[in-house]
Every structure is written in structure tokens, then in C-alpha cells.
Amino acid sequence: MVTIILLVIFYFTFPLFIIWICSKWSFFRKLGSIVLAYGFGLLIGTSGILPSGSEAYRSALKGEKFLPQEEAYALFTSGTISDQDIMVNDLATTQDTLVAIGVLAFPLLLFSLNIRRWLKYAKEGIISMILALFSIIVIIVTGYLIFRNVVPDCWKVGGMLVGVYTGGTPNLVSLKLALDVEPNTFIMSNTFDIFVGAITIIFFISLGPKVFRAILPPFKRISNEEQSNDSIAETGSFDDYSGMFKKGVLIDLAKALTLAIIILGISAGLSILLFGEMKDPVVILSITTISIIASLFPWVNRMEKTFQLGMYFVLIFSLIVASMADLKSIFDFKMLGLLGFVTWCYFGSLVLHLLLSKIFKVDADNYLITTTAFVFSPPFVPVVASALKNKDVIITGITVGIVGYLLGNYLGVALGYFMRGL
């Protein structure tokens with residue numbers, strides 16, 4: 001219990017340290033707070049600082065992140081797993097629960113956005129979304145044809161990857177059940193996805209903006225001088241946490257956080273009312289819609305530093321997600337074919353989408369944000385938007401991510417069985 005309490009305290013306080021060093025030293029500021037959060041998280045997850053479970057515990061997981069408490073204690077009572085495994089399971093449960101903090105960031109990030117201005121940018125985002133979806137499907141099918149003789153149940157893996165690269169990890173889990181994927185194949189697919197994804201997201205938030213802006217057209221700002229000045233001011237405010245502890249600002253932040261929690265509660269309630277359970281796509285869609293409506297009210301839109309408070313929660317999310325990855329598990333030569341398939345799907349879809357974006361003259365920011373929304377899911381959209389210093393693409397990214405959630409399971413099952421018949 002002490003370990004879990006200390007870990008929770010660390011997750012909530014270390015981002016404050018990251019913010020402080022970024023404000024103090026230009027070197028860390030240039031690296032970026034998100035890069036630092038991911039870097040430290042990967043270091044924690046891979047270094048062995050956190051305890052790891054036994055082989056019996058990992059076998060009992062069957063591809064899940066943690067065991068239900070009753071099942072874990074039943075296995076402990078029977079002597080199958082140890083008391084350390086119980087602690088590891090409690091840690092994993094806590095981490096998975098805390099990841100939900102990323103959802104709380106959504107309304108805080110959206111409150112300060114200019115929705116009317118975003119509508120002027122929606123067209124390119126939709127074009128980029130269609131190109132991204134086409135790229136993912138083409139690359140995964142070609143990847144299946146390349147790797148089907150070296151990856152067991154390659155069509156099932158391909159089906160899962162279609163789902164995860166359009167709708168995120170929730171679709172990966174549901175497609176495991178829909179396609180009846182073997183536990184070990186699922187575990188390693190998920191592990192390689194995390195490994196390659198970690199490298200990709202770090203590239204996206206560090207060198208990515210400069211690289212893609214050198215290849216693709218720049219994001220087109222609206223010509224209105226006043227709104228252009230607003231955009232410039234917003235760009236500079238992404239990492240500006242100064243003044244957050246002033247009395248007036250703290251009152252605004254307390255109101256904003258309360259409103260965000262209320263919106264989250266309403267969204268969860270709608271999902272339970274409509275479907276009898278919490279469904280991620282419904283909750284995220286509801287949060288986004290209600291937050292957009294709220295942002296149209298001047299008293300909400302003008303609350304100070306709500307975006308920065310949202311970014312603080314994004315830093316927490318980034319630190320937690322990265323600390324859940326153990327990069328040592330990739331060194332299994334029997335699984336190199338699977339690693340190759342996952343890598344092909346990641347980078348192949350990025351390159352094809354890049355080429356198509358060049359042909360159709362999609363700008364760099366929309367390319368990067370739609371790719372992020374599909375491949376990594378909506379919680380990562382603010383992370384990349386921060387690296388781009390562009391608030392105007394956040395709603396596009398979240399919208400694309402929601403579409404991906406909705407399409408992911410259908411595409412995964414359909415394309416999986418299509419590849420099986422090839």
C-alpha cells in the first residue's frame with residue numbers, strides 16, 4: 001500500500017518538477033515537457049525500479065493488464081502466485097485507473113478554444129483523415145502478404161492492428177476476443193505496439209513538427225489580422241504556466257476543474273443510461289460535444305490558464321503510460337517476425353499517408369494530428385498539438401480519433417477475415 005501511495009504522489013508531483021525545470025532552463029524547454037515526461041516514464045518502466053510479476057502471474061494475465069482483485073487473491077490463496085505478484089497487480093490496477101486522468105484533460109483543453117475559427121480548418125482535416133484510413137488499410141494488407149509465412153495467425157494480428165491503428169488500445173482488446181487471438185500473440189503484439197509506438201510518439205513530439213513542416217505545406221492561418229494575432233499569442237502560451245497561483249486565476253481554475261468533472265460525470269451517466277456500461281467512444285464523444293458547447297459561453301472561454309491545467313493532466317497521463325512499458329521484453333528472437341510486421345504497419349502507413357498528403361497538399365499539422373488520432377487515439381492529440389504549438393487542430397484530432405473508435409472494430413473484423421481469404 002505504501003508503494004502505491006508513493007507512486008500516485010510521484011505521478012502527480014513529478015510533472016510539476018518537469019514544468020519547473022522547463023521554465024528554469026532553456027535546454028529542457030527546447031526538449032519539451034511532454035518529451036521529458038515520456039522519457040522519464042520509459043526509464044521507470046524499463047529500469048526495473050517498479051516490481052515485476054512472476055511467470056505464473058504473467059501467464060494468469062492472459063493478455064490483460066491486471067487481474068480482478070477476487071481472482072488475484074484466489075490464485076494467491078491457492079499458492080499459484082506470490083504476495084509480490086499481488087503488489088504488482090495492485091500497481092497495474094492503479095496505473096490503469098490513473099490513465100483515465102487523460103480524459104479529464106479534454107474539457108480543460110477545449111474550454112479555451114475558438115470553435116468558430118476551427119470550422120474554417122475542418123476541410124483539410126477530413127481529407128487527411130480519409131488518406132490516413134486508406135494508408136492504414138493498404139499497408140496492413142501488404143504487410144500481411146509479406147509476413148504471413150513468418151507470423152503465426154498473421155491475419156488475426158493484422159485484424160487487431162487495423163483496429164488499434166484506427167481506434168486505439170480499447171479496440172485491440174475487443175478484437176482479441178472477436179478474432180480469438182492466442183494470449184501470447186496478443187501480449188507480444190501489444191508489447192511491440194507499445195515499443196514502436198513509444199519511439200514514434202517521441203519522434204512526433206520532438207523532431208516530427210520540423211521534419212514534416214519541411215516536407216508538407218504549412219498550416220494555413222486565417223487572414224483576419226486580429227484572429228492571427230490571437231493564434232500567435234496562443235502559440236506562445238502553450239508552455240506558459242506563470243501566474244497560475246494568483247488568486248483570481250486559482251478561482252478560475254477551480255471553476256474550470258469543477259465544470260470538467262461535471263461534464264465527465266454527465267458523459268459517463270449518458271453512456272450508462274444508453275448502454276448499461278461505460279463505453280469509451282460514447283464517453284469521449286459526449287465530453288467533446290458538451291465541452292465544445294461550453295466553450296461557446298464567454299465566461300467559460302475566458303477563464304484563465306484552463307489550457308495549461310489541461311496540459312498538466314496530459315503530462316500526468318504521458319508519464320503513467322510511458323512507465324507501463326517495459327522495453328526489455330522486445331528482445332525475443334522468436335518474435336522478430338511479429339516485430340517486423342508491427343514496424344512495417346507503423347512506419348509504412350506513416351510514409352504512405354505522407355506521400356498522399358504531399359499529392360493532395362494536406363498541411364503538416366493536419367497530417368500529424370490525424371495520424372496521431374488514428375494510431376495513438378484521442379488522449380495523445382493534445383500531446384502532439386502541444387508540440388505543434390497549434391490549438392486549432394485539437395478538435396480535428398479528437399473528432400478523427402472518435403471516428404477511429406467507431407470504425408475500428410468493424411474494420412478489424414472485416415479486414416481480418418478478408419486477409420484470411422487471400
# chains A, B, ... in the order shown; residues from 1 in each chain; ligands from 1

$ residues_around --residues "Val249 of chain A" --least-positions-apart "2" --cutoff "12 Å" --atoms "only C-alpha atoms" --output "NGL selection string"
:A and (241-247 or 251-256 or 302-306 or 308-309)

$ residues_around --residues "segment 318-323 of chain A" --least-positions-apart "4" --cutoff "9 Å" --atoms "only C-alpha atoms" --output "ChimeraX atom specification"
/A:11,14-15,34-46,50,95-96,98-99,102,194,198,313-314,380,383

$ residues_around --residues "Ile266 of chain A" --least-positions-apart "3" --cutoff "12 Å" --atoms "only C-alpha atoms" --output "number ranges by chain"
A: 259-263, 269-273, 278, 282-291

$ write_last_selection --atoms "N, CA and C atoms" --output "mmCIF file, in the first residue's frame"
data_model
loop_
_atom_site.group_PDB
_atom_site.id
_atom_site.type_symbol
_atom_site.label_atom_id
_atom_site.label_comp_id
_atom_site.auth_asym_id
_atom_site.auth_seq_id
_atom_site.Cartn_x
_atom_site.Cartn_y
_atom_site.Cartn_z
ATOM 1 N N LEU A 259 -16.273 22.233 -13.424
ATOM 2 C CA LEU A 259 -17.082 22.071 -14.636
ATOM 3 C C LEU A 259 -16.635 20.850 -15.432
ATOM 4 N N ALA A 260 -15.323 20.625 -15.515
ATOM 5 C CA ALA A 260 -14.790 19.464 -16.243
ATOM 6 C C ALA A 260 -15.250 18.164 -15.594
ATOM 7 N N ILE A 261 -15.230 18.116 -14.264
ATOM 8 C CA ILE A 261 -15.671 16.912 -13.545
ATOM 9 C C ILE A 261 -17.164 16.678 -13.763
ATOM 10 N N ILE A 262 -17.943 17.764 -13.749
ATOM 11 C CA ILE A 262 -19.387 17.645 -14.001
ATOM 12 C C ILE A 262 -19.640 17.100 -15.409
ATOM 13 N N ILE A 263 -18.909 17.627 -16.391
ATOM 14 C CA ILE A 263 -19.048 17.157 -17.779
ATOM 15 C C ILE A 263 -18.675 15.684 -17.886
ATOM 16 N N GLY A 269 -22.614 9.164 -17.238
ATOM 17 C CA GLY A 269 -24.013 8.832 -16.979
ATOM 18 C C GLY A 269 -24.787 8.549 -18.253
ATOM 19 N N LEU A 270 -24.537 9.335 -19.299
ATOM 20 C CA LEU A 270 -25.198 9.104 -20.588
ATOM 21 C C LEU A 270 -24.847 7.733 -21.152
ATOM 22 N N SER A 271 -23.568 7.370 -21.043
ATOM 23 C CA SER A 271 -23.126 6.068 -21.553
ATOM 24 C C SER A 271 -23.816 4.928 -20.809
ATOM 25 N N ILE A 272 -23.874 5.052 -19.483
ATOM 26 C CA ILE A 272 -24.513 4.009 -18.671
ATOM 27 C C ILE A 272 -26.012 3.956 -18.956
ATOM 28 N N LEU A 273 -26.623 5.136 -19.114
ATOM 29 C CA LEU A 273 -28.061 5.203 -19.391
ATOM 30 C C LEU A 273 -28.411 4.561 -20.726
ATOM 31 N N MET A 278 -19.988 1.776 -19.152
ATOM 32 C CA MET A 278 -19.125 2.848 -19.664
ATOM 33 C C MET A 278 -18.497 2.401 -20.973
ATOM 34 N N VAL A 282 -18.449 6.562 -26.513
ATOM 35 C CA VAL A 282 -19.607 7.363 -26.106
ATOM 36 C C VAL A 282 -19.189 8.437 -25.110
ATOM 37 N N VAL A 283 -18.358 8.041 -24.136
ATOM 38 C CA VAL A 283 -17.903 8.993 -23.113
ATOM 39 C C VAL A 283 -17.092 10.121 -23.751
ATOM 40 N N ILE A 284 -16.143 9.763 -24.618
ATOM 41 C CA ILE A 284 -15.286 10.776 -25.249
ATOM 42 C C ILE A 284 -16.097 11.683 -26.172
ATOM 43 N N LEU A 285 -17.012 11.087 -26.933
ATOM 44 C CA LEU A 285 -17.867 11.882 -27.822
ATOM 45 C C LEU A 285 -18.714 12.865 -27.017
ATOM 46 N N SER A 286 -19.257 12.399 -25.895
ATOM 47 C CA SER A 286 -20.091 13.259 -25.048
ATOM 48 C C SER A 286 -19.265 14.372 -24.418
ATOM 49 N N ILE A 287 -18.084 14.022 -23.891
ATOM 50 C CA ILE A 287 -17.207 15.030 -23.283
ATOM 51 C C ILE A 287 -16.856 16.108 -24.302
ATOM 52 N N THR A 288 -16.477 15.662 -25.493
ATOM 53 C CA THR A 288 -16.078 16.613 -26.540
ATOM 54 C C THR A 288 -17.232 17.535 -26.918
ATOM 55 N N THR A 289 -18.412 16.948 -27.126
ATOM 56 C CA THR A 289 -19.575 17.739 -27.547
ATOM 57 C C THR A 289 -19.981 18.755 -26.482
ATOM 58 N N ILE A 290 -20.095 18.295 -25.237
ATOM 59 C CA ILE A 290 -20.521 19.194 -24.155
ATOM 60 C C ILE A 290 -19.475 20.283 -23.916
ATOM 61 N N SER A 291 -18.191 19.909 -24.001
ATOM 62 C CA SER A 291 -17.115 20.886 -23.782
ATOM 63 C C SER A 291 -17.093 21.941 -24.882
#

$ closest_atom_pairs --of "segment 59-168 of chain A" --to "segment 335-357 of chain A" --cutoff "10 Å" --atoms "only C-alpha atoms" --output "Markdown table"
| residue | atom | partner | partner_atom | distance |
| --- | --- | --- | --- | --- |
| A:Glu124 | CA | A:Ser357 | CA | 10.0 |
| A:Ile127 | CA | A:Ser357 | CA | 8.7 |
| A:Ser128 | CA | A:Ser357 | CA | 6.8 |
| A:Met129 | CA | A:His353 | CA | 9.5 |
| A:Ile130 | CA | A:His353 | CA | 9.6 |
| A:Leu131 | CA | A:His353 | CA | 6.0 |
| A:Ala132 | CA | A:His353 | CA | 5.4 |
| A:Leu133 | CA | A:His353 | CA | 8.6 |
| A:Phe134 | CA | A:His353 | CA | 8.1 |
| A:Ser135 | CA | A:Ser349 | CA | 5.1 |
| A:Ile136 | CA | A:Ser349 | CA | 5.1 |
| A:Ile137 | CA | A:Ser349 | CA | 8.3 |
| A:Val138 | CA | A:Ser349 | CA | 7.9 |
| A:Ile139 | CA | A:Ser349 | CA | 5.7 |
| A:Ile140 | CA | A:Cys345 | CA | 5.6 |
| A:Val141 | CA | A:Cys345 | CA | 9.2 |
| A:Thr142 | CA | A:Cys345 | CA | 9.0 |
| A:Gly143 | CA | A:Phe341 | CA | 6.2 |
| A:Tyr144 | CA | A:Phe341 | CA | 7.6 |
| A:Ile146 | CA | A:Phe341 | CA | 8.3 |
| A:Phe147 | CA | A:Phe341 | CA | 6.4 |
| A:Arg148 | CA | A:Phe341 | CA | 9.1 |
| A:Asn149 | CA | A:Gly337 | CA | 9.2 |
| A:Val150 | CA | A:Gly337 | CA | 5.8 |
| A:Val151 | CA | A:Leu338 | CA | 5.7 |
| A:Pro152 | CA | A:Leu338 | CA | 8.5 |
| A:Cys154 | CA | A:Leu338 | CA | 8.5 |
| A:Val157 | CA | A:Leu338 | CA | 8.6 |
| A:Gly158 | CA | A:Phe341 | CA | 8.6 |
| A:Leu161 | CA | A:Val342 | CA | 7.8 |
| A:Val162 | CA | A:Cys345 | CA | 9.0 |
| A:Tyr165 | CA | A:Tyr346 | CA | 8.3 |

$ residues_around --residues "Gly412 of chain A" --least-positions-apart "6" --cutoff "6 Å" --atoms "only C-alpha atoms" --output "list in words"
Gly159, Met160, Val162 and Gly163 of chain A

$ residues_around --residues "Lys176 of chain A" --least-positions-apart "4" --cutoff "7 Å" --atoms "only C-alpha atoms" --output "number ranges by chain"
A: 160, 172, 180-181, 186

$ residues_around --residues "Val88 of chain A" --least-positions-apart "6" --cutoff "9 Å" --atoms "only C-alpha atoms" --output "ChimeraX atom specification"
/A:50-53,66

$ write_last_selection --atoms "C-alpha atoms" --output "compact mmCIF listing (two decimals), in the first residue's frame"
# COMPACT_ATOMS: atom_id res chain seq x y z
CA LEU A 50 8.94 -0.99 -10.34
CA PRO A 51 8.49 -4.64 -9.23
CA SER A 52 7.68 -7.25 -11.87
CA GLY A 53 5.44 -10.30 -11.61
CA PHE A 66 -4.18 -6.84 -14.47

$ select_by_dssp --residues "segment 234-297 of chain A" --states "alpha helix (DSSP H)" --output "PyMOL selection string"
chain A and resi 234-237+247-275+280-295

$ write_last_selection --atoms "N, CA and C atoms" --output "short mmCIF file (atom, residue, chain, number, x, y, z; two decimals), in the first residue's frame"
data_model
loop_
_atom_site.label_atom_id
_atom_site.label_comp_id
_atom_site.auth_asym_id
_atom_site.auth_seq_id
_atom_site.Cartn_x
_atom_site.Cartn_y
_atom_site.Cartn_z
N GLU A 234 -1.62 32.45 -28.65
CA GLU A 234 -1.90 31.11 -28.15
C GLU A 234 -0.68 30.22 -28.29
N THR A 235 0.04 30.35 -29.40
CA THR A 235 1.24 29.55 -29.62
C THR A 235 2.24 29.77 -28.49
N GLY A 236 2.42 31.02 -28.11
CA GLY A 236 3.37 31.32 -27.05
C GLY A 236 2.90 30.89 -25.68
N SER A 237 1.58 30.69 -25.51
CA SER A 237 1.04 30.38 -24.18
C SER A 237 1.01 28.89 -23.87
N LYS A 247 -4.55 34.56 -7.08
CA LYS A 247 -5.87 34.30 -6.51
C LYS A 247 -6.96 34.23 -7.57
N GLY A 248 -7.00 35.22 -8.46
CA GLY A 248 -8.04 35.24 -9.49
C GLY A 248 -7.96 34.06 -10.43
N VAL A 249 -6.74 33.67 -10.79
CA VAL A 249 -6.54 32.53 -11.69
C VAL A 249 -6.93 31.23 -11.00
N LEU A 250 -6.57 31.08 -9.73
CA LEU A 250 -6.92 29.87 -8.98
C LEU A 250 -8.44 29.70 -8.89
N ILE A 251 -9.15 30.81 -8.73
CA ILE A 251 -10.61 30.73 -8.70
C ILE A 251 -11.15 30.24 -10.04
N ASP A 252 -10.59 30.79 -11.13
CA ASP A 252 -10.98 30.34 -12.48
C ASP A 252 -10.70 28.85 -12.67
N LEU A 253 -9.52 28.42 -12.23
CA LEU A 253 -9.12 27.02 -12.40
C LEU A 253 -10.01 26.09 -11.58
N ALA A 254 -10.39 26.54 -10.38
CA ALA A 254 -11.28 25.73 -9.55
C ALA A 254 -12.64 25.57 -10.23
N LYS A 255 -13.14 26.67 -10.81
CA LYS A 255 -14.40 26.61 -11.55
C LYS A 255 -14.28 25.68 -12.76
N ALA A 256 -13.18 25.83 -13.50
CA ALA A 256 -12.98 25.02 -14.70
C ALA A 256 -12.87 23.55 -14.37
N LEU A 257 -12.12 23.22 -13.31
CA LEU A 257 -11.96 21.82 -12.91
C LEU A 257 -13.29 21.23 -12.46
N THR A 258 -14.06 22.02 -11.71
CA THR A 258 -15.38 21.56 -11.27
C THR A 258 -16.29 21.30 -12.47
N LEU A 259 -16.27 22.23 -13.42
CA LEU A 259 -17.08 22.07 -14.64
C LEU A 259 -16.63 20.85 -15.43
N ALA A 260 -15.32 20.63 -15.52
CA ALA A 260 -14.79 19.46 -16.24
C ALA A 260 -15.25 18.16 -15.59
N ILE A 261 -15.23 18.12 -14.26
CA ILE A 261 -15.67 16.91 -13.55
C ILE A 261 -17.16 16.68 -13.76
N ILE A 262 -17.94 17.76 -13.75
CA ILE A 262 -19.39 17.64 -14.00
C ILE A 262 -19.64 17.10 -15.41
N ILE A 263 -18.91 17.63 -16.39
CA ILE A 263 -19.05 17.16 -17.78
C ILE A 263 -18.68 15.68 -17.89
N LEU A 264 -17.61 15.29 -17.20
CA LEU A 264 -17.19 13.89 -17.20
C LEU A 264 -18.28 13.01 -16.59
N GLY A 265 -18.88 13.48 -15.48
CA GLY A 265 -19.95 12.73 -14.83
C GLY A 265 -21.18 12.59 -15.72
N ILE A 266 -21.56 13.69 -16.38
CA ILE A 266 -22.71 13.65 -17.29
C ILE A 266 -22.45 12.68 -18.44
N SER A 267 -21.24 12.73 -18.98
CA SER A 267 -20.88 11.86 -20.12
C SER A 267 -20.89 10.39 -19.72
N ALA A 268 -20.35 10.10 -18.54
CA ALA A 268 -20.36 8.71 -18.05
C ALA A 268 -21.80 8.26 -17.80
N GLY A 269 -22.61 9.16 -17.24
CA GLY A 269 -24.01 8.83 -16.98
C GLY A 269 -24.79 8.55 -18.25
N LEU A 270 -24.54 9.34 -19.30
CA LEU A 270 -25.20 9.10 -20.59
C LEU A 270 -24.85 7.73 -21.15
N SER A 271 -23.57 7.37 -21.04
CA SER A 271 -23.13 6.07 -21.55
C SER A 271 -23.82 4.93 -20.81
N ILE A 272 -23.87 5.05 -19.48
CA ILE A 272 -24.51 4.01 -18.67
C ILE A 272 -26.01 3.96 -18.96
N LEU A 273 -26.62 5.14 -19.11
CA LEU A 273 -28.06 5.20 -19.39
C LEU A 273 -28.41 4.56 -20.73
N LEU A 274 -27.57 4.81 -21.74
CA LEU A 274 -27.85 4.32 -23.09
C LEU A 274 -27.44 2.87 -23.30
N PHE A 275 -26.30 2.46 -22.69
CA PHE A 275 -25.74 1.14 -22.97
C PHE A 275 -25.57 0.25 -21.74
N ASP A 280 -16.02 3.75 -23.98
CA ASP A 280 -15.07 4.83 -24.26
C ASP A 280 -15.51 5.78 -25.37
N PRO A 281 -15.93 5.26 -26.54
CA PRO A 281 -16.32 6.18 -27.63
C PRO A 281 -17.46 7.11 -27.23
N VAL A 282 -18.45 6.56 -26.51
CA VAL A 282 -19.61 7.36 -26.11
C VAL A 282 -19.19 8.44 -25.11
N VAL A 283 -18.36 8.04 -24.14
CA VAL A 283 -17.90 8.99 -23.11
C VAL A 283 -17.09 10.12 -23.75
N ILE A 284 -16.14 9.76 -24.62
CA ILE A 284 -15.29 10.78 -25.25
C ILE A 284 -16.10 11.68 -26.17
N LEU A 285 -17.01 11.09 -26.93
CA LEU A 285 -17.87 11.88 -27.82
C LEU A 285 -18.71 12.86 -27.02
N SER A 286 -19.26 12.40 -25.89
CA SER A 286 -20.09 13.26 -25.05
C SER A 286 -19.27 14.37 -24.42
N ILE A 287 -18.08 14.02 -23.89
CA ILE A 287 -17.21 15.03 -23.28
C ILE A 287 -16.86 16.11 -24.30
N THR A 288 -16.48 15.66 -25.49
CA THR A 288 -16.08 16.61 -26.54
C THR A 288 -17.23 17.54 -26.92
N THR A 289 -18.41 16.95 -27.13
CA THR A 289 -19.57 17.74 -27.55
C THR A 289 -19.98 18.76 -26.48
N ILE A 290 -20.09 18.29 -25.24
CA ILE A 290 -20.52 19.19 -24.15
C ILE A 290 -19.47 20.28 -23.92
N SER A 291 -18.19 19.91 -24.00
CA SER A 291 -17.12 20.89 -23.78
C SER A 291 -17.09 21.94 -24.88
N ILE A 292 -17.35 21.52 -26.12
CA ILE A 292 -17.41 22.47 -27.24
C ILE A 292 -18.56 23.46 -27.02
N ILE A 293 -19.71 22.93 -26.61
CA ILE A 293 -20.86 23.81 -26.33
C ILE A 293 -20.51 24.78 -25.20
N ALA A 294 -19.86 24.26 -24.15
CA ALA A 294 -19.49 25.11 -23.01
C ALA A 294 -18.53 26.22 -23.44
N SER A 295 -17.63 25.90 -24.37
CA SER A 295 -16.63 26.89 -24.80
C SER A 295 -17.25 28.07 -25.53
#

$ closest_residue --among "A:Met324, A:Val375, A:Val403, A:Ile101" --to "Phe12 of chain A" --atoms "only C-alpha atoms"
A:Ile101

$ closest_residue --among "A:Leu110, A:Ala325, A:Val413, A:Ile359" --to "Leu216 of chain A" --atoms "only C-alpha atoms"
A:Ile359

$ closest_residue --among "A:Ser206, A:Leu75, A:Ser112, A:Gln69" --to "Phe28 of chain A" --atoms "only C-alpha atoms"
A:Ser206

$ closest_residue --among "A:Pro68, A:Gly32, A:Pro107, A:Gly276" --to "Thr93 of chain A" --atoms "only C-alpha atoms"
A:Pro68
